[in-house]
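Structure file model.tsv with TSV, C-alpha atoms:
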```tsv
chain	number	residue	atom	x	y	z
D	1	MET	CA	-177.47	56.90	-89.66
D	2	ALA	CA	-174.72	54.70	-91.08
D	3	ILE	CA	-173.06	52.28	-88.67
D	4	ALA	CA	-169.28	52.58	-88.59
D	5	LYS	CA	-167.38	49.42	-89.39
D	6	ILE	CA	-165.47	47.91	-86.52
D	7	LYS	CA	-162.14	46.10	-86.92
D	8	LYS	CA	-160.59	43.76	-84.40
D	9	VAL	CA	-156.97	44.36	-83.55
D	10	GLU	CA	-154.73	41.89	-81.76
D	11	ILE	CA	-151.74	43.36	-79.98
D	12	ILE	CA	-149.00	40.98	-78.84
D	13	GLY	CA	-145.99	42.26	-76.94
D	14	LEU	CA	-143.67	41.70	-74.04
D	15	GLU	CA	-145.03	41.85	-70.51
D	16	LYS	CA	-142.60	44.64	-69.64
D	17	ASP	CA	-144.17	46.87	-72.34
D	18	LYS	CA	-147.76	46.21	-71.24
D	19	ASP	CA	-148.27	49.40	-69.20
D	20	GLY	CA	-146.86	51.60	-71.93
D	21	ILE	CA	-149.05	50.00	-74.60
D	22	LEU	CA	-152.20	50.35	-72.48
D	23	ALA	CA	-151.42	53.98	-71.69
D	24	LEU	CA	-150.94	54.74	-75.39
D	25	MET	CA	-154.21	53.02	-76.36
D	26	GLN	CA	-156.14	54.92	-73.71
D	27	LYS	CA	-154.59	58.21	-74.80
D	28	LEU	CA	-155.53	57.63	-78.45
D	29	GLY	CA	-159.13	56.81	-77.46
D	30	ILE	CA	-159.83	54.90	-80.66
D	31	VAL	CA	-159.60	51.36	-79.33
D	32	GLU	CA	-161.86	49.49	-76.97
D	33	LEU	CA	-159.63	47.31	-74.84
D	34	VAL	CA	-160.74	43.73	-74.23
D	35	LEU	CA	-158.84	41.25	-72.09
D	36	ALA	CA	-157.26	38.38	-74.01
D	37	GLU	CA	-158.74	34.92	-73.64
D	38	SER	CA	-157.19	32.51	-71.19
D	39	PRO	CA	-154.04	30.64	-72.26
D	40	GLY	CA	-156.06	27.46	-72.59
D	41	SER	CA	-158.03	28.73	-75.62
D	42	LYS	CA	-156.65	30.78	-78.47
D	43	ALA	CA	-153.60	32.24	-76.78
D	44	ILE	CA	-150.27	30.99	-78.07
D	45	SER	CA	-148.79	28.37	-75.77
D	46	SER	CA	-145.05	27.79	-75.70
D	47	GLN	CA	-142.24	26.47	-73.58
D	48	ILE	CA	-140.03	29.38	-74.58
D	49	ASN	CA	-137.94	30.80	-71.76
D	50	LEU	CA	-138.52	34.52	-72.31
D	51	SER	CA	-135.92	35.53	-69.74
D	52	GLU	CA	-133.21	33.75	-71.76
D	53	ILE	CA	-134.35	35.42	-74.96
D	54	GLU	CA	-134.56	38.88	-73.40
D	55	GLU	CA	-131.07	38.40	-71.93
D	56	ALA	CA	-129.77	37.41	-75.36
D	57	LEU	CA	-131.43	40.42	-77.00
D	58	THR	CA	-129.96	42.74	-74.39
D	59	TYR	CA	-126.48	41.31	-74.99
D	60	LEU	CA	-126.83	41.64	-78.77
D	61	ALA	CA	-128.08	45.23	-78.44
D	62	SER	CA	-125.12	46.17	-76.24
D	63	SER	CA	-122.60	44.45	-78.53
D	64	GLY	CA	-123.89	45.65	-81.88
D	65	PRO	CA	-123.48	49.03	-83.61
D	66	GLN	CA	-125.21	51.92	-81.92
D	67	PRO	CA	-128.17	53.51	-83.77
D	68	GLY	CA	-127.79	56.83	-85.50
D	69	PHE	CA	-129.41	60.04	-84.32
D	70	PHE	CA	-132.65	59.55	-86.26
D	71	GLN	CA	-132.91	55.87	-85.35
D	72	GLY	CA	-132.44	56.74	-81.70
D	73	ILE	CA	-135.48	59.05	-81.81
D	74	VAL	CA	-137.82	57.04	-84.01
D	75	LYS	CA	-138.15	53.42	-82.93
D	76	LEU	CA	-140.52	51.72	-85.34
D	77	LYS	CA	-141.23	48.03	-84.80
D	78	PRO	CA	-142.58	45.80	-87.57
D	79	LEU	CA	-146.17	44.61	-87.49
D	80	VAL	CA	-146.42	40.85	-86.90
D	81	TYR	CA	-149.70	38.97	-87.36
D	82	GLN	CA	-150.65	36.16	-85.02
D	83	GLN	CA	-150.51	33.42	-87.65
D	84	ARG	CA	-147.07	34.55	-88.77
D	85	LEU	CA	-145.97	34.57	-85.13
D	86	LYS	CA	-147.29	31.04	-84.68
D	87	ASP	CA	-145.44	29.85	-87.78
D	88	VAL	CA	-142.17	31.36	-86.62
D	89	MET	CA	-142.50	29.96	-83.12
D	90	ALA	CA	-143.27	26.51	-84.50
D	91	THR	CA	-140.27	26.34	-86.84
D	92	PHE	CA	-137.59	28.66	-85.48
D	93	ASP	CA	-134.78	26.88	-83.62
D	94	TYR	CA	-134.32	29.54	-80.97
D	95	GLN	CA	-132.65	27.11	-78.56
D	96	GLY	CA	-129.92	26.33	-81.09
D	97	LEU	CA	-129.42	30.03	-81.67
D	98	LEU	CA	-129.21	30.73	-77.94
D	99	LYS	CA	-126.61	27.97	-77.59
D	100	GLU	CA	-124.56	29.42	-80.43
D	101	LEU	CA	-124.85	32.88	-78.92
D	102	SER	CA	-123.66	31.56	-75.54
D	103	ILE	CA	-120.58	30.03	-77.20
D	104	LEU	CA	-119.84	33.30	-79.00
D	105	GLU	CA	-120.36	35.32	-75.81
D	106	ASN	CA	-117.90	33.11	-73.91
D	107	HIS	CA	-115.40	33.46	-76.75
D	108	MET	CA	-115.86	37.25	-76.73
D	109	ASN	CA	-115.29	37.38	-72.96
D	110	HIS	CA	-112.11	35.30	-73.42
D	111	LEU	CA	-110.86	37.75	-76.06
D	112	ILE	CA	-111.65	40.74	-73.83
D	113	HIS	CA	-109.73	39.13	-70.94
D	114	HIS	CA	-106.79	38.31	-73.22
D	115	LYS	CA	-106.76	41.87	-74.57
D	116	GLU	CA	-106.66	43.27	-71.02
D	117	LYS	CA	-103.71	41.01	-70.14
D	118	LEU	CA	-101.83	42.15	-73.25
D	119	ALA	CA	-102.55	45.79	-72.41
D	120	GLN	CA	-101.10	45.27	-68.91
D	121	GLU	CA	-98.01	43.59	-70.35
D	122	ARG	CA	-97.55	46.40	-72.87
D	123	HIS	CA	-97.75	48.96	-70.06
D	124	LEU	CA	-95.13	47.04	-68.05
D	125	LEU	CA	-92.78	46.59	-71.02
D	126	GLY	CA	-92.99	50.19	-72.23
D	127	PRO	CA	-90.06	51.60	-70.23
D	128	TRP	CA	-87.86	48.64	-71.22
D	129	ARG	CA	-88.15	48.96	-74.99
D	130	ASN	CA	-84.43	49.82	-75.29
D	131	LEU	CA	-83.24	46.72	-73.44
D	132	PRO	CA	-80.75	45.37	-76.00
D	133	ILE	CA	-80.98	41.63	-75.33
D	134	PRO	CA	-83.86	39.13	-75.69
D	135	LEU	CA	-85.97	38.73	-72.57
D	136	ASP	CA	-85.10	35.07	-72.09
D	137	GLN	CA	-81.41	36.02	-71.76
D	138	VAL	CA	-81.99	38.11	-68.65
D	139	HIS	CA	-80.85	35.41	-66.24
D	140	PRO	CA	-77.85	34.77	-63.96
D	141	THR	CA	-74.69	32.90	-64.96
D	142	GLU	CA	-72.40	30.78	-62.81
D	143	ASN	CA	-70.55	33.75	-61.33
D	144	CYS	CA	-72.78	36.73	-62.11
D	145	GLY	CA	-76.28	37.75	-61.19
D	146	VAL	CA	-78.52	39.95	-63.30
D	147	PHE	CA	-81.74	41.80	-62.57
D	148	LEU	CA	-83.92	44.65	-63.76
D	149	GLY	CA	-85.47	47.34	-61.62
D	150	LEU	CA	-86.10	50.99	-61.02
D	151	VAL	CA	-85.10	53.58	-58.49
D	152	SER	CA	-86.15	57.19	-58.07
D	153	ASN	CA	-84.00	59.71	-59.90
D	154	ARG	CA	-82.90	61.35	-56.66
D	155	ASP	CA	-81.78	57.98	-55.22
D	156	TYR	CA	-79.94	56.75	-58.32
D	157	ALA	CA	-76.75	58.71	-57.65
D	158	LYS	CA	-76.83	57.65	-53.98
D	159	LEU	CA	-77.13	54.02	-55.02
D	160	LEU	CA	-73.99	54.28	-57.14
D	161	GLU	CA	-72.17	56.01	-54.28
D	162	ASP	CA	-73.17	53.27	-51.81
D	163	CYS	CA	-71.98	50.55	-54.19
D	164	GLN	CA	-68.67	52.35	-54.66
D	165	LYS	CA	-68.19	52.66	-50.89
D	166	GLU	CA	-68.93	48.99	-50.36
D	167	LYS	CA	-66.63	48.13	-53.30
D	168	VAL	CA	-69.40	46.26	-55.08
D	169	ASP	CA	-68.30	45.48	-58.63
D	170	LEU	CA	-71.26	45.79	-60.97
D	171	PHE	CA	-72.29	46.85	-64.43
D	172	CYS	CA	-75.28	49.19	-64.35
D	173	GLU	CA	-76.95	50.34	-67.58
D	174	VAL	CA	-79.70	52.94	-67.72
D	175	ILE	CA	-82.43	51.56	-69.99
D	176	HIS	CA	-84.89	54.40	-69.56
D	177	GLN	CA	-85.40	57.51	-67.47
D	178	ASP	CA	-88.56	59.55	-67.00
D	179	ASN	CA	-89.43	62.48	-64.74
D	180	ALA	CA	-89.57	60.27	-61.64
D	181	ASN	CA	-87.57	57.07	-62.07
D	182	THR	CA	-84.47	55.52	-63.59
D	183	TYR	CA	-84.86	52.02	-65.06
D	184	LEU	CA	-81.73	49.87	-64.72
D	185	ALA	CA	-80.28	46.60	-65.92
D	186	VAL	CA	-77.71	45.43	-63.36
D	187	ILE	CA	-75.05	42.72	-63.62
D	188	TYR	CA	-72.99	41.97	-60.50
D	189	LEU	CA	-70.62	39.39	-58.97
D	190	LYS	CA	-72.62	36.94	-56.86
D	191	GLU	CA	-69.99	36.96	-54.10
D	192	ARG	CA	-70.80	40.62	-53.40
D	193	PHE	CA	-74.58	40.25	-53.33
D	194	GLU	CA	-75.01	40.95	-49.58
D	195	GLN	CA	-73.32	44.35	-49.86
D	196	LEU	CA	-75.29	45.13	-53.03
D	197	GLU	CA	-78.58	44.06	-51.44
D	198	ALA	CA	-78.00	46.43	-48.51
D	199	ALA	CA	-77.37	49.34	-50.87
D	200	LEU	CA	-80.50	48.51	-52.86
D	201	LYS	CA	-82.66	48.45	-49.72
D	202	ASN	CA	-81.23	51.74	-48.49
D	203	GLN	CA	-82.24	53.47	-51.75
D	204	HIS	CA	-85.67	51.79	-52.07
D	205	PHE	CA	-84.83	49.89	-55.23
D	206	ASN	CA	-87.80	48.10	-56.88
D	207	PHE	CA	-87.12	44.85	-58.72
D	208	VAL	CA	-88.99	44.19	-61.97
D	209	ALA	CA	-89.71	40.72	-63.38
D	210	LEU	CA	-90.61	40.58	-67.08
D	211	SER	CA	-92.10	37.58	-68.88
D	212	ARG	CA	-89.44	35.54	-70.62
D	213	HIS	CA	-89.69	35.61	-74.41
D	214	PRO	CA	-87.18	34.70	-77.11
D	215	GLU	CA	-87.44	38.19	-78.62
D	216	THR	CA	-86.43	41.66	-77.48
D	217	VAL	CA	-88.86	44.00	-75.76
D	218	LYS	CA	-89.30	45.99	-78.98
D	219	ASP	CA	-90.23	42.85	-80.89
D	220	ARG	CA	-92.57	41.72	-78.11
D	221	LEU	CA	-94.32	45.10	-78.15
D	222	LEU	CA	-94.80	44.80	-81.91
D	223	GLU	CA	-96.28	41.34	-81.36
D	224	ILE	CA	-98.65	42.64	-78.69
D	225	ASN	CA	-99.79	45.52	-80.87
```
Just give me the structure as structure tokens.
Amino acid sequence: MAIAKIKKVEIIGLEKDKDGILALMQKLGIVELVLAESPGSKAISSQINLSEIEEALTYLASSGPQPGFFQGIVKLKPLVYQQRLKDVMATFDYQGLLKELSILENHMNHLIHHKEKLAQERHLLGPWRNLPIPLDQVHPTENCGVFLGLVSNRDYAKLLEDCQKEKVDLFCEVIHQDNANTYLAVIYLKERFEQLEAALKNQHFNFVALSRHPETVKDRLLEIN
């Protein structure tokens, strides 16, 4: 009877995949499993911090393009021989790559934070896109005060009535109106501020402070976009 030839197979993988690999080998029933020799003999020794590398791989996987339908089902990994693995580990500057990746990750996080801030500003500026003057000109003068704010539609008429009763001289321009609120730009005489303030409190007026820019709201929104 002919004796079947036997081939040795070395399998190298991550510790987290060990149980799955062993289960697959046992299921196939074509491989006799032998424990690897101790790290002091032929096993590859290294000072590589695997946790750092796995963290980097996880970040790259989450940041890169998602696999297609077929790629998501079939996950084939390339075969790597031990000598090739040794050569790569001896020459590959993984620490430099991890450092570069950390810099890029910090930069990406900065961009994400900046994008969120711009999105919040765009949301705040939206109702004020028809404000006719540059944002840095919304400020008081020697005799007049100026402010922006909103009041509910039902309270807007009452606010005007209260100001008329108190004989508060003001210029009030509707910048925007939606289903719930009226957005106002108000200019008033400073000497009548106490009477105006009382009327504003009675009608639950909400002041709005916008960032000061040398352009109009429309131009600032274009810049944000």
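Shortest atom-to-atom contact with D:Leu160 among D:Val208, D:Lys117, D:Leu221, D:Glu173: D:Glu173, counting only C-alpha atoms.
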Determine, counting all atoms listed in the file, which protein, DNA and RNA residues have an atom within 7 Å of an atom of D:Lys190; residues of the same chain fewer than 2 positions away are not included. Present the result as a list in words.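 Counting only the stated atoms, we get Asn143, Cys144, Gly145, Tyr188, Arg192 and Phe193 of chain D.
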Can you work out which one of D:Cys163, D:Val9, D:Leu50, D:Ile103 has the shortest atom-to-atom distance to D:Ile30, counting all atoms listed in the file?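 Looking at the shortest contact to D:Ile30, the residue is D:Val9.
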Determine, counting all atoms listed in the file, which protein, DNA and RNA residues have an atom within 12 Å of an atom of D:Leu150; residues of the same chain fewer than 2 positions away are not included. Present the result as JSON, numbers by chain. {"D": [127, 128, 147, 148, 152, 153, 154, 155, 156, 159, 172, 173, 174, 175, 176, 177, 178, 180, 181, 182, 183, 184, 185, 186, 200, 203, 204, 205, 206, 207, 208, 209]}
Using all atoms listed in the file for the distances, tell me which of D:Leu28, D:Leu33, D:Leu98, D:Ala199 is nearest to D:Ala157.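 So, comparing all the options, the nearest one is D:Ala199.
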Quote the spacing between atom CA of D:Leu118 and atom CA of D:Ile224 in Å to one decimal place.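 Taking atom CA of D:Leu118 as the start and atom CA of D:Ile224 as the end point, the length is 6.3 Å.
What separates atom CA of D:Glu161 from atom CA of D:Val146 is a distance of 19.5 Å.
Close contacts of D:Ser63, defined as residues with an atom at most 12 Å away when counting all atoms listed in the file, with chain neighbours fewer than 2 positions off set aside, comprise Ala56, Leu57, Thr58, Tyr59, Leu60, Ala61, Pro65, Gln66, Pro67, Leu101, Leu104, Glu105, Met108 and Asn109 of chain D.
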Which residue, D:Met89, D:Leu222, D:Ile187, D:Glu15, has the smallest gap to D:His139 when you use all atoms listed in the file?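 Closest to D:His139, using all atoms listed in the file: D:Ile187.
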If the box runs along x, y and z of the file and leaves 8 Å on each side of stretch 182-190 of chain D, what are its centre and edge lengths in Å, one decimal, as lines of an AutoDock Vina configuration file?
```
center_x = -77.7
center_y = 46.2
center_z = -61.4
size_x = 30.2
size_y = 34.6
size_z = 25.1
```
Please, which residues are within 12 Å of (-101.9, 44.5, -71.7) by the file's coordinates, counting all atoms listed in the file, and could they come as a compact mmCIF listing (two decimals) with C-alpha atoms, in the coordinates of the input?
```txt
# COMPACT_ATOMS: atom_id res chain seq x y z
CA ILE D 112 -111.65 40.74 -73.83
CA HIS D 113 -109.73 39.13 -70.94
CA HIS D 114 -106.79 38.31 -73.22
CA LYS D 115 -106.76 41.87 -74.57
CA GLU D 116 -106.66 43.27 -71.02
CA LYS D 117 -103.71 41.01 -70.14
CA LEU D 118 -101.83 42.15 -73.25
CA ALA D 119 -102.55 45.79 -72.41
CA GLN D 120 -101.10 45.27 -68.91
CA GLU D 121 -98.01 43.59 -70.35
CA ARG D 122 -97.55 46.40 -72.87
CA HIS D 123 -97.75 48.96 -70.06
CA LEU D 124 -95.13 47.04 -68.05
CA LEU D 125 -92.78 46.59 -71.02
CA GLY D 126 -92.99 50.19 -72.23
CA ARG D 220 -92.57 41.72 -78.11
CA LEU D 221 -94.32 45.10 -78.15
CA GLU D 223 -96.28 41.34 -81.36
CA ILE D 224 -98.65 42.64 -78.69
CA ASN D 225 -99.79 45.52 -80.87
```
